[in-house]
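What follows is upload07.txt (compact mmCIF, C-alpha atoms and all ligand atoms).
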# COMPACT_ATOMS: atom_id res chain seq x y z
CA MET A 1 172.13 222.10 30.50
CA THR A 2 170.18 225.02 29.12
CA THR A 3 167.87 224.63 26.18
CA THR A 4 165.29 226.79 24.54
CA ASP A 5 161.53 226.39 24.56
CA GLY A 6 161.59 226.14 20.83
CA PHE A 7 161.13 229.83 20.27
CA GLY A 8 164.46 230.98 21.58
CA THR A 9 163.47 231.70 25.16
CA PRO A 10 166.16 230.40 27.50
CA ARG A 11 164.73 227.75 29.80
CA LEU A 12 166.59 227.44 33.04
CA ARG A 13 164.19 225.32 35.04
CA ARG A 14 164.22 221.58 34.75
CA LEU A 15 161.23 219.92 33.15
CA SER A 16 161.08 216.54 34.78
CA SER A 17 159.43 213.78 32.82
CA LEU A 18 157.58 212.51 35.84
CA ASP A 19 156.57 215.44 37.97
CA ALA A 20 156.34 218.51 35.78
CA CYS A 21 154.71 221.26 37.81
CA ARG A 22 151.73 223.22 36.56
CA ALA A 23 153.89 226.09 35.36
CA ASP A 24 155.70 223.71 33.05
CA LEU A 25 152.51 223.27 31.11
CA TYR A 26 152.88 226.82 29.90
CA GLY A 27 156.39 226.19 28.70
CA GLY A 28 155.54 223.89 25.84
CA PRO A 29 154.87 224.71 22.27
CA ASN A 30 153.41 228.17 21.95
CA VAL A 31 151.45 227.55 18.82
CA ALA A 32 149.79 230.70 17.67
CA ILE A 33 147.87 229.24 14.76
CA PRO A 34 147.35 225.71 13.59
CA PRO A 35 149.34 224.67 10.53
CA LYS A 36 147.96 226.02 7.30
CA HIS A 37 147.64 222.60 5.76
CA LEU A 38 145.39 221.56 8.61
CA MET A 39 143.38 224.70 8.77
CA ALA A 40 142.76 224.96 5.07
CA SER A 41 142.31 221.31 4.47
CA THR A 42 138.67 220.69 5.11
CA LEU A 43 137.51 222.84 2.24
CA SER A 44 140.52 222.79 0.00
CA HIS A 45 140.57 221.16 -3.37
CA GLU A 46 143.73 219.34 -2.40
CA THR A 47 142.09 217.72 0.55
CA ALA A 48 139.03 216.82 -1.44
CA ILE A 49 141.31 214.93 -3.80
CA GLU A 50 143.21 213.51 -0.86
CA MET A 51 140.06 212.32 0.83
CA ASP A 52 138.75 210.93 -2.44
CA MET A 53 141.95 208.94 -2.69
CA ALA A 54 141.59 207.96 0.92
CA LYS A 55 138.02 206.89 0.25
CA GLN A 56 139.18 204.95 -2.78
CA HIS A 57 141.72 203.12 -0.63
CA LEU A 58 139.09 202.51 1.98
CA ASP A 59 136.59 201.27 -0.58
CA ASP A 60 139.22 198.91 -1.96
CA ASP A 61 140.01 197.62 1.49
CA ILE A 62 136.43 197.41 2.59
CA SER A 63 135.23 195.71 -0.58
CA SER A 64 137.79 193.02 0.12
CA THR A 65 136.34 192.55 3.59
CA GLU A 66 133.01 190.90 3.02
CA GLY A 67 130.10 192.61 4.67
CA SER A 68 132.01 195.35 6.46
CA PRO A 69 129.40 197.92 7.43
CA ARG A 70 130.05 201.65 7.05
CA ALA A 71 129.23 203.66 10.11
CA ALA A 72 128.19 207.24 10.57
CA SER A 73 125.24 207.26 8.21
CA PRO A 74 122.75 209.74 9.54
CA ILE A 75 119.19 208.50 10.07
CA ALA A 76 117.69 209.06 6.64
CA GLU A 77 114.15 209.89 7.68
CA LYS A 78 114.83 212.33 10.49
CA PRO A 79 116.15 215.83 9.91
CA ILE A 80 119.59 215.88 11.46
CA THR A 81 120.58 218.99 13.30
CA THR A 82 124.08 219.95 14.35
CA VAL A 83 124.65 221.25 17.84
CA ASP A 84 126.52 224.52 17.89
CA ASP A 85 127.01 225.02 21.61
CA PHE A 86 129.23 222.08 22.43
CA ALA A 87 131.71 219.72 20.85
CA LEU A 88 133.72 216.59 21.57
CA ALA A 89 137.43 215.84 21.52
CA PHE A 90 138.64 212.25 21.64
CA ASP A 91 141.88 210.68 22.67
CA ILE A 92 142.57 207.63 20.49
CA ASP A 93 144.60 204.87 22.18
CA GLY A 94 142.60 203.43 25.05
CA VAL A 95 139.44 205.31 24.04
CA LEU A 96 138.72 204.37 20.41
CA ILE A 97 141.53 201.97 19.56
CA ARG A 98 143.46 199.33 21.46
CA GLY A 99 146.27 197.35 19.86
CA GLY A 100 145.27 198.46 16.38
CA GLU A 101 141.61 197.35 16.77
CA ALA A 102 138.56 199.46 17.45
CA ILE A 103 137.29 199.26 21.02
CA PRO A 104 133.92 197.46 20.87
CA GLU A 105 131.81 200.50 21.76
CA ALA A 106 133.66 202.88 19.42
CA GLY A 107 131.51 202.26 16.34
CA ALA A 108 128.25 202.74 18.22
CA ALA A 109 129.59 205.87 19.90
CA LEU A 110 130.52 207.45 16.58
CA LYS A 111 127.13 206.59 15.10
CA TYR A 112 125.54 208.12 18.17
CA ILE A 113 127.30 211.45 17.76
CA ASN A 114 126.63 211.43 14.02
CA GLY A 115 122.89 211.57 14.53
CA GLU A 116 121.78 208.13 15.68
CA ASN A 117 120.64 209.35 19.08
CA PRO A 118 117.23 210.13 20.62
CA TYR A 119 117.69 213.86 20.04
CA GLY A 120 118.44 213.54 16.33
CA VAL A 121 121.52 215.72 16.65
CA LYS A 122 125.01 215.56 15.26
CA VAL A 123 127.94 216.72 17.40
CA PRO A 124 131.17 218.07 15.84
CA TYR A 125 134.29 216.30 17.07
CA ILE A 126 138.05 216.14 16.70
CA PHE A 127 140.77 213.63 17.60
CA VAL A 128 143.75 214.57 19.77
CA THR A 129 146.28 211.78 20.18
CA ASN A 130 149.81 211.75 21.52
CA GLY A 131 150.58 208.97 19.06
CA GLY A 132 152.31 209.56 15.76
CA GLY A 133 155.11 208.16 13.65
CA LYS A 134 153.27 208.66 10.35
CA THR A 135 151.99 211.63 8.41
CA GLU A 136 148.66 212.96 9.60
CA GLU A 137 147.14 211.85 6.30
CA GLU A 138 148.39 208.27 6.70
CA ARG A 139 147.27 208.18 10.31
CA CYS A 140 143.80 209.37 9.28
CA LEU A 141 143.61 206.62 6.68
CA ASP A 142 144.51 204.08 9.37
CA LEU A 143 141.92 205.50 11.69
CA SER A 144 139.28 205.62 8.96
CA ARG A 145 139.91 201.95 8.27
CA GLN A 146 139.88 200.96 11.93
CA LEU A 147 136.72 202.90 12.73
CA GLU A 148 135.03 202.43 9.35
CA LEU A 149 134.40 206.14 9.33
CA GLU A 150 136.00 208.90 7.33
CA VAL A 151 138.47 210.87 9.42
CA SER A 152 139.96 213.99 7.87
CA PRO A 153 143.36 215.54 8.66
CA GLY A 154 141.32 218.67 9.37
CA GLN A 155 139.96 217.10 12.54
CA PHE A 156 143.11 215.35 13.70
CA ILE A 157 146.14 216.28 15.81
CA CYS A 158 148.90 213.89 16.74
CA GLY A 159 151.79 214.38 19.15
CA HIS A 160 154.23 215.72 16.60
CA THR A 161 151.77 217.90 14.62
CA PRO A 162 152.79 221.13 16.43
CA MET A 163 156.48 220.33 15.82
CA ARG A 164 156.10 221.56 12.26
CA GLU A 165 156.33 225.06 13.68
CA MET A 166 159.97 224.30 14.58
CA ALA A 167 161.00 223.82 10.96
CA GLU A 168 161.52 227.55 10.62
CA ARG A 169 163.93 227.55 13.55
CA TYR A 170 166.07 224.47 12.93
CA HIS A 171 167.65 223.51 9.60
CA THR A 172 169.56 220.31 10.35
CA VAL A 173 167.84 217.98 12.80
CA LEU A 174 168.14 214.46 14.12
CA VAL A 175 164.76 212.70 14.03
CA VAL A 176 164.35 209.58 16.14
CA GLY A 177 161.69 206.88 16.42
CA GLY A 178 159.03 205.17 14.35
CA GLU A 179 159.21 202.60 11.59
CA GLY A 180 161.78 202.77 8.82
CA GLU A 181 161.89 206.10 7.06
CA LYS A 182 158.42 207.24 8.10
CA CYS A 183 159.50 209.90 10.58
CA ARG A 184 162.01 211.35 8.12
CA VAL A 185 159.14 211.68 5.66
CA VAL A 186 156.98 213.36 8.32
CA ALA A 187 159.75 215.80 9.25
CA GLU A 188 160.49 216.67 5.64
CA GLY A 189 156.77 217.16 5.08
CA TYR A 190 156.80 219.64 7.96
CA GLY A 191 159.45 221.63 6.15
CA PHE A 192 162.62 220.55 7.92
CA LYS A 193 165.33 221.03 5.30
CA ASP A 194 167.97 218.54 6.43
CA VAL A 195 166.75 215.50 8.34
CA ILE A 196 169.19 212.98 9.78
CA THR A 197 168.13 209.61 11.19
CA PRO A 198 170.00 207.24 13.52
CA GLY A 199 170.34 204.97 10.46
CA ASP A 200 172.39 207.66 8.67
CA ILE A 201 174.75 207.85 11.63
CA ILE A 202 175.14 204.06 11.94
CA LYS A 203 175.65 203.63 8.19
CA THR A 204 178.34 206.30 8.25
CA ARG A 205 180.03 204.94 11.36
CA HIS A 206 178.95 201.33 12.01
CA ASP A 207 180.65 201.09 15.43
CA THR A 208 178.44 203.89 16.79
CA THR A 209 176.10 201.18 18.13
CA PRO A 210 178.08 198.00 18.84
CA PHE A 211 175.02 195.76 19.06
CA ARG A 212 172.81 197.25 16.39
CA LYS A 213 173.24 196.31 12.76
CA LEU A 214 171.12 197.93 10.10
CA THR A 215 168.74 195.67 8.23
CA GLU A 216 169.13 195.47 4.47
CA GLU A 217 166.19 197.84 4.05
CA GLU A 218 167.56 200.31 6.62
CA HIS A 219 170.98 200.16 4.99
CA LYS A 220 169.46 200.90 1.59
CA ASN A 221 167.49 203.91 2.86
CA SER A 222 170.12 205.39 5.18
CA ARG A 223 172.42 208.13 3.91
CA VAL A 224 176.16 208.32 4.46
CA ARG A 225 177.32 211.88 5.11
CA ASP A 226 180.25 213.90 6.37
CA PHE A 227 179.43 214.49 10.01
CA GLU A 228 182.55 216.61 10.48
CA GLN A 229 180.80 219.17 8.34
CA THR A 230 177.41 218.69 9.98
CA ARG A 231 175.93 220.54 12.93
CA ILE A 232 172.84 218.93 14.40
CA GLU A 233 170.81 221.87 15.66
CA ALA A 234 168.05 219.98 17.46
CA ILE A 235 166.92 216.45 18.26
CA PHE A 236 163.27 215.41 17.85
CA VAL A 237 161.80 212.15 19.09
CA PHE A 238 158.79 211.89 16.80
CA ALA A 239 157.59 208.41 17.73
CA ASP A 240 158.44 205.50 20.01
CA SER A 241 161.97 204.21 19.57
CA ARG A 242 162.24 200.72 18.09
CA ASP A 243 165.76 200.37 19.47
CA TRP A 244 166.22 202.06 22.80
CA ALA A 245 169.89 201.13 23.24
CA GLY A 246 171.01 202.36 19.84
CA ASP A 247 168.84 205.46 19.82
CA GLN A 248 169.85 206.45 23.36
CA GLN A 249 173.53 206.04 22.49
CA ILE A 250 173.13 208.31 19.47
CA ILE A 251 171.08 210.90 21.35
CA LEU A 252 173.64 210.92 24.18
CA ASP A 253 176.50 211.37 21.71
CA CYS A 254 174.69 214.32 20.26
CA LEU A 255 173.77 215.88 23.62
CA MET A 256 177.34 215.52 24.89
CA SER A 257 178.86 217.02 21.74
CA LYS A 258 180.15 220.50 21.16
CA ASP A 259 177.30 222.32 19.48
CA GLY A 260 175.87 219.26 17.75
CA HIS A 261 179.07 218.15 16.00
CA LEU A 262 179.09 214.36 16.32
CA GLY A 263 182.49 213.00 17.24
CA THR A 264 183.30 215.97 19.49
CA ARG A 265 182.88 215.99 23.26
CA SER A 266 181.95 219.00 25.32
CA GLU A 267 184.02 219.48 28.45
CA THR A 268 181.13 221.10 30.26
CA PHE A 269 178.25 219.02 28.87
CA ASP A 270 176.08 222.05 28.36
CA GLU A 271 176.77 222.71 24.70
CA GLY A 272 174.56 220.10 23.05
CA PRO A 273 171.44 220.74 20.98
CA PRO A 274 167.94 220.84 22.54
CA LEU A 275 166.00 217.60 22.79
CA PHE A 276 162.24 217.53 22.08
CA PHE A 277 159.76 214.70 22.56
CA SER A 278 156.41 214.63 20.79
CA HIS A 279 154.75 213.62 24.07
CA ASN A 280 155.47 212.43 27.56
CA ASP A 281 153.24 209.39 28.13
CA VAL A 282 155.20 207.11 30.45
CA VAL A 283 152.69 204.34 29.72
CA TRP A 284 149.97 203.80 27.13
CA SER A 285 147.22 201.37 26.33
CA THR A 286 147.71 198.51 23.84
CA SER A 287 146.19 195.06 23.34
CA HIS A 288 148.16 193.83 26.37
CA GLU A 289 146.12 193.69 29.57
CA HIS A 290 148.65 195.92 31.32
CA SER A 291 149.80 199.33 30.06
CA ARG A 292 153.05 199.34 28.10
CA ILE A 293 155.91 201.81 28.53
CA GLY A 294 156.04 204.63 26.02
CA MET A 295 157.94 207.74 25.03
CA GLY A 296 157.80 209.31 28.48
CA ALA A 297 159.70 206.30 29.76
CA LEU A 298 162.43 206.86 27.16
CA ARG A 299 162.56 210.49 28.25
CA ALA A 300 162.95 209.53 31.92
CA SER A 301 165.59 206.99 30.96
CA LEU A 302 167.58 209.52 28.92
CA GLU A 303 167.46 212.12 31.67
CA ALA A 304 168.72 209.55 34.18
CA LEU A 305 171.40 208.34 31.77
CA TYR A 306 172.61 211.86 31.13
CA LYS A 307 172.94 212.46 34.84
CA ALA A 308 174.74 209.14 35.35
CA VAL A 309 177.19 209.71 32.50
CA THR A 310 177.87 213.46 32.81
CA GLY A 311 176.80 214.33 36.36
CA LYS A 312 174.66 217.10 34.86
CA GLU A 313 170.90 217.55 34.79
CA LEU A 314 169.31 217.31 31.37
CA THR A 315 166.48 219.62 30.42
CA THR A 316 164.18 218.31 27.72
CA ILE A 317 160.91 219.56 26.28
CA ALA A 318 157.76 217.54 25.61
CA PHE A 319 154.93 218.44 23.25
CA GLY A 320 151.54 216.68 23.20
CA LYS A 321 149.03 216.36 26.02
CA PRO A 322 149.00 217.62 28.79
CA GLN A 323 150.87 220.63 27.36
CA LEU A 324 148.49 223.56 27.17
CA GLY A 325 149.82 224.51 23.75
CA THR A 326 148.32 221.30 22.43
CA TYR A 327 144.90 222.23 23.82
CA GLN A 328 145.14 225.75 22.41
CA PHE A 329 145.99 224.16 19.10
CA ALA A 330 143.05 221.75 19.49
CA MET A 331 140.66 224.60 20.23
CA ARG A 332 141.67 226.44 17.07
CA LEU A 333 141.39 223.27 15.02
CA LEU A 334 137.95 222.61 16.45
CA ARG A 335 136.77 226.13 15.65
CA GLN A 336 137.99 225.81 12.08
CA TRP A 337 136.53 222.33 11.68
CA ARG A 338 133.13 223.49 12.96
CA LYS A 339 133.22 226.49 10.64
CA ASN A 340 134.37 224.69 7.52
CA THR A 341 132.38 221.52 7.93
CA HIS A 342 129.29 222.56 9.85
CA GLY A 343 129.05 226.27 9.09
CA ILE A 344 129.24 227.20 12.77
CA ASN A 345 131.10 230.45 13.14
CA LYS A 346 131.40 230.79 16.89
CA PRO A 347 133.42 229.01 19.55
CA PRO A 348 131.75 226.17 21.48
CA SER A 349 130.73 226.91 25.07
CA THR A 350 131.73 223.44 26.22
CA VAL A 351 134.19 220.87 24.90
CA TYR A 352 133.99 217.35 26.34
CA PHE A 353 137.38 215.66 26.22
CA VAL A 354 137.24 211.89 26.50
CA GLY A 355 140.51 210.25 27.53
CA ASP A 356 141.95 207.21 29.28
CA THR A 357 145.16 208.63 30.79
CA PRO A 358 144.78 210.84 33.86
CA ASP A 359 148.31 212.26 33.64
CA SER A 360 147.92 213.51 30.09
CA ASP A 361 144.27 213.65 28.93
CA ILE A 362 142.64 214.61 32.21
CA ARG A 363 145.39 216.80 33.55
CA GLY A 364 145.62 218.80 30.35
CA THR A 365 141.85 219.18 30.02
CA ASN A 366 141.44 220.35 33.62
CA GLU A 367 144.35 222.78 33.43
CA PHE A 368 143.25 224.16 30.07
CA ASN A 369 139.74 224.62 31.44
CA GLU A 370 141.18 227.12 33.91
CA ILE A 371 142.51 229.41 31.18
CA SER A 372 140.17 228.76 28.27
CA ASP A 373 137.14 230.86 27.34
CA ALA A 374 135.28 227.61 26.73
CA HIS A 375 134.42 225.10 29.40
CA TRP A 376 136.61 222.00 28.94
CA PHE A 377 134.98 219.03 30.65
CA SER A 378 137.15 215.98 31.34
CA ILE A 379 135.72 212.47 31.02
CA LEU A 380 137.86 209.48 31.98
CA VAL A 381 137.02 206.07 30.50
CA LYS A 382 137.95 202.67 31.86
CA THR A 383 139.07 201.07 28.59
CA GLY A 384 142.73 202.12 28.68
CA VAL A 385 145.46 203.23 31.06
CA TYR A 386 143.17 204.13 33.97
CA GLN A 387 142.29 201.10 36.06
CA GLU A 388 139.08 200.96 38.01
CA GLY A 389 139.67 201.01 41.77
CA THR A 390 142.77 203.21 41.52
CA ILE A 391 142.75 206.89 42.42
CA PRO A 392 143.78 209.01 39.45
CA ARG A 393 146.42 211.63 40.25
CA TYR A 394 144.41 214.09 38.16
CA PRO A 395 140.71 213.50 38.85
CA PRO A 396 138.25 213.88 35.96
CA LYS A 397 134.90 215.62 36.13
CA LYS A 398 133.25 212.34 35.18
CA VAL A 399 134.21 208.67 34.92
CA CYS A 400 132.46 206.49 32.32
CA ASN A 401 132.81 202.83 31.46
CA HIS A 402 133.64 203.45 27.81
CA ILE A 403 133.33 205.94 24.97
CA LEU A 404 129.66 205.15 24.27
CA ASP A 405 128.70 205.95 27.85
CA ALA A 406 130.84 209.08 27.65
CA VAL A 407 129.16 210.50 24.55
CA LYS A 408 125.70 209.62 25.90
CA PHE A 409 126.54 211.40 29.14
CA ALA A 410 127.81 214.50 27.30
CA ILE A 411 124.80 214.79 25.00
CA ASP A 412 122.28 214.11 27.79
CA ARG A 413 123.97 216.71 29.95
CA GLU A 414 123.85 219.33 27.22
CA MET A 415 120.31 218.54 26.15
CA SER A 416 119.02 218.89 29.66
CA LYS A 417 120.47 222.41 29.91
CA GLY A 418 117.37 224.61 29.68
CA ASP A 419 116.64 226.14 26.30
CA LYS A 420 117.50 223.29 23.98
CA GLU A 421 116.34 225.13 20.89
CA SER A 422 119.10 227.70 21.19
CA ALA A 423 121.71 225.00 21.43
CA ILE A 424 120.99 223.45 18.08
CA MET A 425 121.03 224.65 14.57
CA ASP A 426 119.72 223.00 11.46
CA ASP A 427 122.39 222.10 8.97
CA ALA A 428 119.98 223.53 6.42
CA ASP A 429 120.22 226.89 8.16
CA SER A 430 123.98 226.74 8.04
CA GLY A 431 123.85 226.31 4.28
CA ILE A 432 125.49 222.89 4.39
CA ASP A 433 123.50 219.72 3.96
CA SER A 434 124.26 216.66 6.03
CA GLU A 435 125.72 214.71 3.14
CA THR A 436 128.12 217.50 2.20
CA ALA A 437 129.13 217.88 5.80
CA LEU A 438 129.89 214.20 6.07
CA ARG A 439 131.90 214.20 2.89
CA ASN A 440 134.12 217.13 3.94
O1 LIG A 501 152.12 206.41 21.71
C1 LIG A 501 150.83 206.93 21.82
C2 LIG A 501 150.32 206.86 23.19
O2 LIG A 501 151.30 207.21 24.13
C3 LIG A 501 149.07 207.59 23.50
O3 LIG A 501 148.19 207.85 22.46
O4 LIG A 501 145.92 208.35 21.62
O5 LIG A 501 146.26 207.72 24.01
O6 LIG A 501 147.04 209.94 23.19
P1 LIG A 501 146.77 208.51 22.84
MG MG A 502 144.98 207.31 25.39

If you convert what's in this file into structure tokens, what do you get?
Ligand code: G3P
Ligand code: MG
Amino acid sequence: MTTTDGFGTPRLRRLSSLDACRADLYGGPNVAIPPKHLMASTLSHETAIEMDMAKQHLDDDISSTEGSPRAASPIAEKPITTVDDFALAFDIDGVLIRGGEAIPEAGAALKYINGENPYGVKVPYIFVTNGGGKTEEERCLDLSRQLELEVSPGQFICGHTPMREMAERYHTVLVVGGEGEKCRVVAEGYGFKDVITPGDIIKTRHDTTPFRKLTEEEHKNSRVRDFEQTRIEAIFVFADSRDWAGDQQIILDCLMSKDGHLGTRSETFDEGPPLFFSHNDVVWSTSHEHSRIGMGALRASLEALYKAVTGKELTTIAFGKPQLGTYQFAMRLLRQWRKNTHGINKPPSTVYFVGDTPDSDIRGTNEFNEISDAHWFSILVKTGVYQEGTIPRYPPKKVCNHILDAVKFAIDREMSKGDKESAIMDDADSGIDSETALRN
């Protein structure tokens, strides 16, 4: 089956979910500029209101939790300087969060990079997660609550963030995964004009999935439509499927159709719409002591199913880490975040990426380092997917016990690099005081 890379380029090679070669990393999303709403957000009035609302929600939540401390307060007495030569990028699951709770060292690590360190410096940072299933704003609110620290959409990328670029290309799309209607809301927010969910298909034709019945809530939200008059132009898996059997059946029906018309069957099985995944993590880190299967596992399963049912290979496309497009996107976001929030108008020389998954975080960082103007330095922590004593398929530059050790290592390494004075800049010099910077 031939699909496009999302920008119309025919893709003839197969992108395996398990052993994508290095060249495949260049075949992902070719994001030229980060989305406007992300790039403009840190200084925009809209985001100020948004973050005020977010803060209000946080204050409400926190005031109901007796004695919850707020992190990230700079040391009041010492002048805080912001480093301009390096920056940090954090993976989330397995680095900062596990099973919805902050990893014990996360709070101290974030305080450390916000000025509570022996050097009295603050280090700009962004978050790059393969997770998703909610709007970036909602995900930032979750993260702010979990970390007790304000996180802005302007410093946050999730797996499906770059998919918004596809809204210009595809009008009618099937969006799979996540809770309830959340992914439909995300897709519509990205500008997709006509978003179909598996619920819509099951409500219209209940025997589509013999063993899945819609809940009352799902039935209420799902939309009956005339699928004879509908052409599904692309399929997007935005978040982990909550019903593999039903979702795989629906995706297969769509892939095996003639040009995305459900109910039809292609005779050649090469006429279906393209299938995109927001990332390719086969496993990920949760509260369970062993990694749990994730979206990459669904991808592998679907590719195997397609082969078993049709005899044909299925080509699919994954966004997220380790795709280089995600790192290019991250670099642009970081530059804008540093400029808007810290007044630093030059690219960082070094970006330390802290991750827990060798196959996505470390692989992507190492590969991007080879093509980037900046030095991307991979740090693997032991609090997630990577297990001590195993040999990672993609070796990091440095292994640390946890995020606190990682940020200490990064700052010590930078501060011991010769002329320290040139590597730091007073926030006062940048025209932005520390409080303003923290608020933005
Ligand atoms: O589903 C999300 C998971 O696969 C990985 O998230 O934050 O580790 O990139 P993260
Ligand atoms: Mg992770």

Exercise on region 187-197 of chain A, axis-aligned box with 3 Å per side, report centre and edge lengths in Å to one decimal, as AutoDock Vina command-line options:
--center_x 163.0 --center_y 215.6 --center_z 8.1 --size_x 18.4 --size_y 18.0 --size_z 12.1

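The spacing separating CA of Glu137 (chain A) from CA of Ala406 (chain A) amounts to 27.0 Å.
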
Is there a way to get, as a PyMOL selection string, all residues within 12 Å of the point (176.3, 214.9, 5.5) in file coordinates, counting all atoms listed in the file?
chain A and resi 172-174+194-197+200-201+203-204+222-232+261-262

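Between ligand LIG 501 (chain A) and the residues A:Pro210, A:Pro395, A:Gly178, A:Gly263, the shortest atom-to-atom distance, using all atoms listed in the file, involves A:Gly178.
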
Do you know which residues are within 7 Å of ligand LIG 501 (chain A) using only C-alpha atoms and all ligand atoms? Can you write them as a PyMOL selection string?
chain A and resi 91-94+128-132+240+281+283-285+294-295+356-357

Mind listing whatever residues come within 12 Å of the point (137.6, 205.9, 34.4)? Use all atoms listed in the file, file coordinates, and give them as a ChimeraX atom specification.
/A:94-95,354-358,361-362,378-392,394-403,405-406

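Taking CA of Ser349 (chain A) as the reference point, CA of Leu404 (chain A) is found at 21.8 Å.
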
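The two atoms in question, atom MG of ligand MG 502 (chain A) and CA of Arg184 (chain A), are spaced 24.6 Å apart.
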
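Minimum distance to ligand MG 502 (chain A) across A:Ala297, A:Ile103, A:Leu255, A:Leu214 (counting only C-alpha atoms and all ligand atoms) occurs at A:Ile103.
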
If I only have part of region 236-249 of chain A, can you fill in N, CA and C atoms and write it as an mmCIF file, in the coordinates of the input?
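The new file rebuild.cif reads:
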data_model
loop_
_atom_site.group_PDB
_atom_site.id
_atom_site.type_symbol
_atom_site.label_atom_id
_atom_site.label_comp_id
_atom_site.auth_asym_id
_atom_site.auth_seq_id
_atom_site.Cartn_x
_atom_site.Cartn_y
_atom_site.Cartn_z
ATOM 1 N N PHE A 236 164.718 215.605 17.674
ATOM 2 C CA PHE A 236 163.270 215.410 17.850
ATOM 3 C C PHE A 236 162.962 213.922 17.941
ATOM 4 N N VAL A 237 162.313 213.522 19.022
ATOM 5 C CA VAL A 237 161.800 212.150 19.090
ATOM 6 C C VAL A 237 160.344 212.225 18.631
ATOM 7 N N PHE A 238 160.113 211.756 17.415
ATOM 8 C CA PHE A 238 158.790 211.890 16.800
ATOM 9 C C PHE A 238 157.856 210.749 17.190
ATOM 10 N N ALA A 239 158.431 209.581 17.432
ATOM 11 C CA ALA A 239 157.590 208.410 17.730
ATOM 12 C C ALA A 239 158.402 207.465 18.601
ATOM 13 N N ASP A 240 157.738 206.423 19.115
ATOM 14 C CA ASP A 240 158.440 205.500 20.010
ATOM 15 C C ASP A 240 159.649 204.876 19.327
ATOM 16 N N SER A 241 160.742 204.825 20.078
ATOM 17 C CA SER A 241 161.970 204.210 19.570
ATOM 18 C C SER A 241 161.764 202.712 19.414
ATOM 19 N N ARG A 242 162.277 202.174 18.300
ATOM 20 C CA ARG A 242 162.240 200.720 18.090
ATOM 21 C C ARG A 242 163.532 200.089 18.563
ATOM 22 N N ASP A 243 164.479 200.894 18.983
ATOM 23 C CA ASP A 243 165.760 200.370 19.470
ATOM 24 C C ASP A 243 166.302 201.342 20.522
ATOM 25 N N TRP A 244 165.856 201.133 21.733
ATOM 26 C CA TRP A 244 166.220 202.060 22.800
ATOM 27 C C TRP A 244 167.729 202.194 22.972
ATOM 28 N N ALA A 245 168.445 201.073 22.961
ATOM 29 C CA ALA A 245 169.890 201.130 23.240
ATOM 30 C C ALA A 245 170.607 201.969 22.188
ATOM 31 N N GLY A 246 170.340 201.643 20.920
ATOM 32 C CA GLY A 246 171.010 202.360 19.840
ATOM 33 C C GLY A 246 170.607 203.833 19.804
ATOM 34 N N ASP A 247 169.319 204.080 19.911
ATOM 35 C CA ASP A 247 168.840 205.460 19.820
ATOM 36 C C ASP A 247 169.340 206.292 21.011
ATOM 37 N N GLN A 248 169.365 205.683 22.197
ATOM 38 C CA GLN A 248 169.850 206.450 23.360
ATOM 39 C C GLN A 248 171.338 206.751 23.223
ATOM 40 N N GLN A 249 172.101 205.803 22.693
ATOM 41 C CA GLN A 249 173.530 206.040 22.490
ATOM 42 C C GLN A 249 173.730 207.241 21.552
#
